[in-house]
Amino acid sequence: MSWWSSRGFDERQLRVRGDIYLHGLVEAVVLMAVLVAVPRGWAPFPYPSAIALVAVVVAASVEMIWRGAFLAMGPRGDRVRRMWRILGVVYGLLLVLFIVGAVTGDNGFWSAGALTGTGALAVMYLIFCVIPVTLFLADRRDARLARADELVDEAV
Amino acid sequence: MAKNLRMRAARASLGLSQQGLADAVGVTRQTINAVEQGDYNPTINLCRAICRALGKTLDELFWEDDR
């Protein structure tokens, strides 16, 4: 186990991350195979593949977050959490720009019914938006579960 | 895996929250919860660390009672 990969994660988190990396790799291969078969032209090369890879990474991250294995313990995990909160604000602003651009129809995101390179990048950033949202929801869930456990402990 | 009620009772008798035990042992609260709920099978090292934190033996907390 490398120093970089294990730093700050406990044994359960490492096991969960290992499981997720394994099936994430399989999902990426399957998705790439699907991309070869779907009609092209909805975004310039190589953005369809990039968007697919981002989707797989975000899906794996969401699973890690929900299973409590995304953030390391201690200051390192706190720093990463703060970074994702800031990015969440940035992604939110991009979402607004994207929606306004789509509604007005006069922007750099769309051209002749297909995404431009800028539009494809915006889609990737928007997919990343899912991570800070999931972190927020998971934090709320964990706080609720911790309070519920404390109530049970008092009863015991 | 069955829930580990002995571990939970030992923790509660010391007035420790799951977060408090997690901090003492050096794992996350979710890991302590997973062990107590029977959702995660801890390694012997983690079992020993939990026993040390709760002042119990491995038999008292983790040995399955077949009776």
# chains A, B, ... in the order shown; residues from 1 in each chain; ligands from 1
$ closest_atom_pairs --of "chain A" --to "chain B" --cutoff "9 Å" --atoms "only C-alpha atoms" --output "JSON lines"
{"residue": "A:Phe9", "atom": "CA", "partner": "B:Val27", "partner_atom": "CA", "distance": 7.8}
{"residue": "A:Asp10", "atom": "CA", "partner": "B:Val27", "partner_atom": "CA", "distance": 5.4}
{"residue": "A:Glu11", "atom": "CA", "partner": "B:Val27", "partner_atom": "CA", "distance": 8.0}
{"residue": "A:Arg12", "atom": "CA", "partner": "B:Thr31", "partner_atom": "CA", "distance": 6.4}
{"residue": "A:Gln13", "atom": "CA", "partner": "B:Thr31", "partner_atom": "CA", "distance": 7.9}
{"residue": "A:Arg67", "atom": "CA", "partner": "B:Gln30", "partner_atom": "CA", "distance": 8.4}
{"residue": "A:Gly68", "atom": "CA", "partner": "B:Gln30", "partner_atom": "CA", "distance": 6.5}
{"residue": "A:Ala72", "atom": "CA", "partner": "B:Thr28", "partner_atom": "CA", "distance": 8.9}
{"residue": "A:Met73", "atom": "CA", "partner": "B:Thr28", "partner_atom": "CA", "distance": 6.8}
{"residue": "A:Asp142", "atom": "CA", "partner": "B:Gln30", "partner_atom": "CA", "distance": 8.2}
{"residue": "A:Ala146", "atom": "CA", "partner": "B:Gln18", "partner_atom": "CA", "distance": 7.7}
{"residue": "A:Asp149", "atom": "CA", "partner": "B:Gln18", "partner_atom": "CA", "distance": 7.8}
{"residue": "A:Glu150", "atom": "CA", "partner": "B:Ser17", "partner_atom": "CA", "distance": 6.5}
{"residue": "A:Asp153", "atom": "CA", "partner": "B:Ala12", "partner_atom": "CA", "distance": 5.6}
{"residue": "A:Glu154", "atom": "CA", "partner": "B:Ala12", "partner_atom": "CA", "distance": 7.4}
{"residue": "A:Val156", "atom": "CA", "partner": "B:Ala12", "partner_atom": "CA", "distance": 6.8}
$ select_by_dssp --residues "chain A" --states "strand (DSSP E)" --output "PyMOL selection string"
chain A and resi 110-111+114-115
$ write_last_selection --atoms "all heavy atoms" --output "PDB file, in the first residue's frame"
ATOM      1  N   TRP A 110     -23.504  26.403 -27.448  1.00  0.00           N
ATOM      2  CA  TRP A 110     -24.208  25.637 -28.481  1.00  0.00           C
ATOM      3  C   TRP A 110     -23.890  26.202 -29.858  1.00  0.00           C
ATOM      4  O   TRP A 110     -23.699  27.392 -30.019  1.00  0.00           O
ATOM      5  CB  TRP A 110     -25.735  25.743 -28.270  1.00  0.00           C
ATOM      6  CG  TRP A 110     -26.217  25.319 -26.924  1.00  0.00           C
ATOM      7  CD1 TRP A 110     -26.484  26.134 -25.869  1.00  0.00           C
ATOM      8  CD2 TRP A 110     -26.484  24.003 -26.477  1.00  0.00           C
ATOM      9  NE1 TRP A 110     -26.909  25.402 -24.785  1.00  0.00           N
ATOM     10  CE2 TRP A 110     -26.923  24.087 -25.134  1.00  0.00           C
ATOM     11  CE3 TRP A 110     -26.404  22.744 -27.088  1.00  0.00           C
ATOM     12  CZ2 TRP A 110     -27.266  22.971 -24.392  1.00  0.00           C
ATOM     13  CZ3 TRP A 110     -26.768  21.628 -26.335  1.00  0.00           C
ATOM     14  CH2 TRP A 110     -27.193  21.759 -24.995  1.00  0.00           C
ATOM     15  N   SER A 111     -23.890  25.344 -30.841  1.00  0.00           N
ATOM     16  CA  SER A 111     -23.705  25.796 -32.213  1.00  0.00           C
ATOM     17  C   SER A 111     -24.261  24.722 -33.133  1.00  0.00           C
ATOM     18  O   SER A 111     -23.814  23.566 -33.083  1.00  0.00           O
ATOM     19  CB  SER A 111     -22.217  26.030 -32.494  1.00  0.00           C
ATOM     20  OG  SER A 111     -22.026  26.382 -33.837  1.00  0.00           O
ATOM     21  N   ALA A 114     -25.386  21.395 -31.591  1.00  0.00           N
ATOM     22  CA  ALA A 114     -24.411  20.536 -30.911  1.00  0.00           C
ATOM     23  C   ALA A 114     -23.607  21.380 -29.931  1.00  0.00           C
ATOM     24  O   ALA A 114     -23.535  22.606 -30.050  1.00  0.00           O
ATOM     25  CB  ALA A 114     -23.479  19.875 -31.922  1.00  0.00           C
ATOM     26  N   LEU A 115     -23.031  20.709 -28.972  1.00  0.00           N
ATOM     27  CA  LEU A 115     -22.177  21.402 -28.005  1.00  0.00           C
ATOM     28  C   LEU A 115     -20.896  21.885 -28.670  1.00  0.00           C
ATOM     29  O   LEU A 115     -20.326  21.190 -29.514  1.00  0.00           O
ATOM     30  CB  LEU A 115     -21.800  20.459 -26.862  1.00  0.00           C
ATOM     31  CG  LEU A 115     -22.854  20.156 -25.799  1.00  0.00           C
ATOM     32  CD1 LEU A 115     -22.360  19.045 -24.877  1.00  0.00           C
ATOM     33  CD2 LEU A 115     -23.174  21.401 -24.983  1.00  0.00           C
TER      34      LEU A 115
END
$ atom_distance --atom1 "CA of Leu71 (chain A)" --atom2 "CA of Gly8 (chain A)"
8.5 Å
$ residues_around --residues "Leu97 (chain A)" --least-positions-apart "2" --cutoff "12 Å" --atoms "only C-alpha atoms" --output "list in words"
Val90, Tyr91, Gly92, Leu93, Leu94, Leu95, Ile99, Val100, Gly101, Ala102, Val103, Thr104, Gly105, Asp106, Asn107, Gly108, Phe109, Thr118, Gly119, Ala122, Val123, Tyr125 and Leu126 of chain A
$ residues_around --residues "Phe70 (chain A)" --least-positions-apart "6" --cutoff "12 Å" --atoms "only C-alpha atoms" --output "MDAnalysis selection string"
(chainID A and resid 5 8:10 12:18 20:21 58:64 76:78 80:81 84 131:132 134:135 138:139) or (chainID B and resid 28 30)
$ atom_distance --atom1 "CA of Leu145 (chain A)" --atom2 "CA of Leu5 (chain B)"
17.3 Å
$ atom_distance --atom1 "CA of Ser49 (chain A)" --atom2 "CA of Ala28 (chain A)"
10.0 Å
$ closest_residue --among "A:Ile51, A:Ala43, A:Leu87, A:Val56" --to "Val133 (chain A)" --atoms "only C-alpha atoms"
A:Leu87
$ closest_residue --among "A:Ala112, A:Met32, A:Ala55, A:Ala148" --to "Ile127 (chain A)" --atoms "only C-alpha atoms"
A:Ala55
$ closest_residue --among "B:Asp39, B:Asn4, B:Gly20, B:Leu14" --to "Gly55 (chain B)" --atoms "only C-alpha atoms"
B:Leu14
